[in-house]
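target36.pdb follows (PDB, C-alpha atoms, pLDDT in the B column):
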```pdb
ATOM      1  CA  MET A 251      -6.393 -13.442   6.335  1.00 86.00           C
ATOM      2  CA  ALA A 252      -8.098 -10.386   4.851  1.00 87.00           C
ATOM      3  CA  TYR A 253     -11.780 -10.029   4.027  1.00 85.00           C
ATOM      4  CA  LEU A 254     -14.422  -7.355   3.411  1.00 85.00           C
ATOM      5  CA  ASP A 255     -17.047  -6.857   6.110  1.00 85.00           C
ATOM      6  CA  ALA A 256     -20.710  -6.044   5.442  1.00 84.00           C
ATOM      7  CA  ASP A 257     -19.884  -2.312   5.287  1.00 86.00           C
ATOM      8  CA  GLY A 258     -17.148  -2.837   2.678  1.00 81.00           C
ATOM      9  CA  ARG A 259     -14.256  -2.251   5.088  1.00 86.00           C
ATOM     10  CA  ILE A 260     -11.201  -4.455   5.015  1.00 87.00           C
ATOM     11  CA  ARG A 261     -10.808  -6.660   8.083  1.00 89.00           C
ATOM     12  CA  LEU A 262      -7.764  -8.699   9.006  1.00 90.00           C
ATOM     13  CA  ARG A 263      -7.995 -12.013  10.844  1.00 90.00           C
ATOM     14  CA  PHE A 264      -4.849 -13.202  12.578  1.00 92.00           C
ATOM     15  CA  GLY A 265      -3.807 -16.598  13.904  1.00 90.00           C
ATOM     16  CA  GLN A 266      -3.755 -17.042  17.653  1.00 89.00           C
ATOM     17  CA  PHE A 267       0.046 -16.999  17.830  1.00 92.00           C
ATOM     18  CA  VAL A 268       0.513 -13.546  16.264  1.00 94.00           C
ATOM     19  CA  ARG A 269       1.494 -11.103  18.997  1.00 95.00           C
ATOM     20  CA  GLU A 270      -0.627  -7.978  19.511  1.00 94.00           C
ATOM     21  CA  GLU A 271       2.351  -5.742  18.681  1.00 95.00           C
ATOM     22  CA  ASP A 272       2.834  -7.553  15.360  1.00 95.00           C
ATOM     23  CA  ARG A 273      -0.882  -7.317  14.577  1.00 94.00           C
ATOM     24  CA  TRP A 274      -0.787  -3.543  15.034  1.00 94.00           C
ATOM     25  CA  ARG A 275       2.337  -3.250  12.855  1.00 94.00           C
ATOM     26  CA  ILE A 276       0.805  -5.367  10.055  1.00 93.00           C
ATOM     27  CA  ARG A 277      -2.408  -3.317  10.084  1.00 92.00           C
ATOM     28  CA  ARG A 278      -0.449  -0.078   9.900  1.00 93.00           C
ATOM     29  CA  VAL A 279       1.628  -1.233   6.906  1.00 92.00           C
ATOM     30  CA  ILE A 280      -1.445  -2.441   4.998  1.00 90.00           C
ATOM     31  CA  GLU A 281      -3.405   0.741   5.713  1.00 90.00           C
ATOM     32  CA  ARG A 282      -0.484   2.955   4.763  1.00 90.00           C
ATOM     33  CA  HIS A 283       0.739   1.223   1.587  1.00 88.00           C
ATOM     34  CA  TYR A 284      -1.515  -1.578   0.363  1.00 90.00           C
ATOM     35  CA  LEU A 285      -5.128  -0.709   1.184  1.00 90.00           C
ATOM     36  CA  ALA A 286      -6.168  -0.010  -2.424  1.00 89.00           C
ATOM     37  CA  LEU A 287      -4.428  -3.171  -3.671  1.00 91.00           C
ATOM     38  CA  VAL A 288      -6.074  -5.403  -1.052  1.00 91.00           C
ATOM     39  CA  ARG A 289      -9.461  -3.837  -1.810  1.00 89.00           C
ATOM     40  CA  LEU A 290      -8.960  -4.552  -5.540  1.00 90.00           C
ATOM     41  CA  GLN A 291      -7.997  -8.153  -4.770  1.00 92.00           C
ATOM     42  CA  LEU A 292     -11.039  -8.709  -2.531  1.00 90.00           C
ATOM     43  CA  ASP A 293     -13.527  -7.118  -4.944  1.00 87.00           C
ATOM     44  CA  VAL A 294     -14.923 -10.435  -6.193  1.00 87.00           C
ATOM     45  CA  PRO A 295     -18.350 -12.084  -6.034  1.00 87.00           C
ATOM     46  CA  GLU A 296     -19.140 -13.869  -2.769  1.00 84.00           C
ATOM     47  CA  GLY A 297     -17.829 -17.427  -2.698  1.00 86.00           C
ATOM     48  CA  THR A 298     -15.036 -16.599  -5.178  1.00 89.00           C
ATOM     49  CA  LYS A 299     -11.362 -16.660  -4.296  1.00 91.00           C
ATOM     50  CA  PRO A 300      -9.646 -13.249  -4.088  1.00 91.00           C
ATOM     51  CA  ARG A 301      -7.649 -12.238  -7.161  1.00 92.00           C
ATOM     52  CA  SER A 302      -3.896 -12.607  -7.063  1.00 93.00           C
ATOM     53  CA  VAL A 303      -1.535  -9.827  -8.100  1.00 92.00           C
ATOM     54  CA  TYR A 304      -0.637 -11.900 -11.166  1.00 93.00           C
ATOM     55  CA  GLN A 305      -4.308 -12.173 -12.159  1.00 94.00           C
ATOM     56  CA  LEU A 306      -4.755  -8.418 -11.802  1.00 93.00           C
ATOM     57  CA  MET A 307      -1.665  -7.814 -13.942  1.00 93.00           C
ATOM     58  CA  ALA A 308      -2.868 -10.259 -16.610  1.00 93.00           C
ATOM     59  CA  ALA A 309      -6.242  -8.503 -16.687  1.00 91.00           C
ATOM     60  CA  GLY A 310      -4.540  -5.125 -17.190  1.00 91.00           C
ATOM     61  CA  ARG A 311      -5.772  -3.689 -13.869  1.00 92.00           C
ATOM     62  CA  LEU A 312      -2.304  -3.446 -12.323  1.00 93.00           C
ATOM     63  CA  ARG A 313       1.305  -3.101 -13.423  1.00 92.00           C
ATOM     64  CA  ILE A 314       4.683  -2.631 -11.819  1.00 91.00           C
ATOM     65  CA  GLY A 315       6.165   0.827 -12.352  1.00 91.00           C
ATOM     66  CA  ARG A 316       9.789   1.702 -13.019  1.00 91.00           C
ATOM     67  CA  ASP A 317      10.403   2.248  -9.319  1.00 92.00           C
ATOM     68  CA  GLY A 318       9.085  -1.251  -8.509  1.00 90.00           C
ATOM     69  CA  ARG A 319       5.789  -0.076  -7.024  1.00 88.00           C
ATOM     70  CA  TYR A 320       2.338  -1.219  -8.049  1.00 90.00           C
ATOM     71  CA  VAL A 321       0.520   1.136 -10.433  1.00 91.00           C
ATOM     72  CA  PHE A 322      -3.214   0.880 -10.992  1.00 91.00           C
ATOM     73  CA  CYS A 323      -4.219   1.000 -14.656  1.00 89.00           C
ATOM     74  CA  THR A 324      -7.289   2.955 -15.657  1.00 78.00           C
ATOM     75  CA  THR A 325      -7.303   1.361 -19.099  1.00 65.00           C
ATOM     76  CA  ASN A 326      -6.194  -2.043 -20.290  1.00 54.00           C
ATOM     77  CA  PRO A 327      -2.625  -1.737 -21.664  1.00 51.00           C
ATOM     78  CA  HIS A 328      -3.102  -4.929 -23.736  1.00 55.00           C
ATOM     79  CA  HIS A 329      -6.108  -3.516 -25.596  1.00 50.00           C
ATOM     80  CA  ARG A 330      -5.149  -2.060 -28.962  1.00 48.00           C
ATOM     81  CA  THR A 331      -7.419   0.296 -30.791  1.00 43.00           C
ATOM     82  CA  PRO A 332      -7.438   0.018 -34.607  1.00 41.00           C
TER      83      PRO A 332
END
```

Final structure tokens representation of the file:
Amino acid sequence: MAYLDADGRIRLRFGQFVREEDRWRIRRVIERHYLALVRLQLDVPEGTKPRSVYQLMAAGRLRIGRDGRYVFCTTNPHHRTP
């Protein structure tokens, strides 16, 4: 489980059966490749469920690039200007 601490850092909480070696590996992958995505998902008011990737895509905050990687959108691609 991922959550933001009081300082705004991402913390991971693991189940008791996850080995220490696997915990380290998971942290490394998230920090290296998915930190910005997890932060965007967890940036919600307290007591609200984190956003899913599908919700972020529907809101125009995220899309999948040609190479299959997540791309953060600075503007809403669904918004059309007259």

Using the chain letters and numbers from the file, which residues does the PyMOL selection byres ((chain A and resi 257-268) around 10) grab, as a PDB file with C-alpha atoms, in the coordinates of the input?
```
ATOM      1  CA  MET A 251      -6.393 -13.442   6.335  1.00 86.00           C
ATOM      2  CA  ALA A 252      -8.098 -10.386   4.851  1.00 87.00           C
ATOM      3  CA  TYR A 253     -11.780 -10.029   4.027  1.00 85.00           C
ATOM      4  CA  LEU A 254     -14.422  -7.355   3.411  1.00 85.00           C
ATOM      5  CA  ASP A 255     -17.047  -6.857   6.110  1.00 85.00           C
ATOM      6  CA  ALA A 256     -20.710  -6.044   5.442  1.00 84.00           C
ATOM      7  CA  ARG A 269       1.494 -11.103  18.997  1.00 95.00           C
ATOM      8  CA  GLU A 270      -0.627  -7.978  19.511  1.00 94.00           C
ATOM      9  CA  GLU A 271       2.351  -5.742  18.681  1.00 95.00           C
ATOM     10  CA  ASP A 272       2.834  -7.553  15.360  1.00 95.00           C
ATOM     11  CA  ARG A 273      -0.882  -7.317  14.577  1.00 94.00           C
ATOM     12  CA  ILE A 276       0.805  -5.367  10.055  1.00 93.00           C
ATOM     13  CA  ARG A 277      -2.408  -3.317  10.084  1.00 92.00           C
ATOM     14  CA  ILE A 280      -1.445  -2.441   4.998  1.00 90.00           C
ATOM     15  CA  GLU A 281      -3.405   0.741   5.713  1.00 90.00           C
ATOM     16  CA  LEU A 285      -5.128  -0.709   1.184  1.00 90.00           C
ATOM     17  CA  VAL A 288      -6.074  -5.403  -1.052  1.00 91.00           C
ATOM     18  CA  ARG A 289      -9.461  -3.837  -1.810  1.00 89.00           C
ATOM     19  CA  LEU A 292     -11.039  -8.709  -2.531  1.00 90.00           C
ATOM     20  CA  ASP A 293     -13.527  -7.118  -4.944  1.00 87.00           C
TER      21      ASP A 293
END
```

Using 12 Å as the limit and counting only C-alpha atoms, can you tabulate each residue of stretch 259-294 of chain A that touches stretch 320-324 of chain A, with its shortest atom-to-atom distance in Å and the two atoms involved, as CSV?
```
residue,atom,partner,partner_atom,distance
A:His283,CA,A:Tyr320,CA,10.1
A:Tyr284,CA,A:Tyr320,CA,9.3
A:Leu285,CA,A:Tyr320,CA,11.9
A:Ala286,CA,A:Phe322,CA,9.1
A:Leu287,CA,A:Tyr320,CA,8.3
A:Val288,CA,A:Tyr320,CA,11.7
A:Leu290,CA,A:Phe322,CA,9.6
A:Gln291,CA,A:Phe322,CA,12.0
```

### Query
Can you list, as a list of chain:residue names, the residues that the PyMOL selection byres ((chain A and resi 303) around 10) selects here?
A:Leu287, A:Val288, A:Leu290, A:Gln291, A:Pro300, A:Arg301, A:Ser302, A:Tyr304, A:Gln305, A:Leu306, A:Met307, A:Ala308, A:Ala309, A:Arg311, A:Leu312, A:Arg313, A:Tyr320

Let me have the centre and edge lengths in Å, one decimal, of the box along x, y and z around every listed atom of stretch 293-309 of chain A with 3 Å of margin on each side, as JSON.
```
{"center_x": -9.9, "center_y": -12.3, "center_z": -9.7, "size_x": 24.5, "size_y": 16.3, "size_z": 20.0}
```
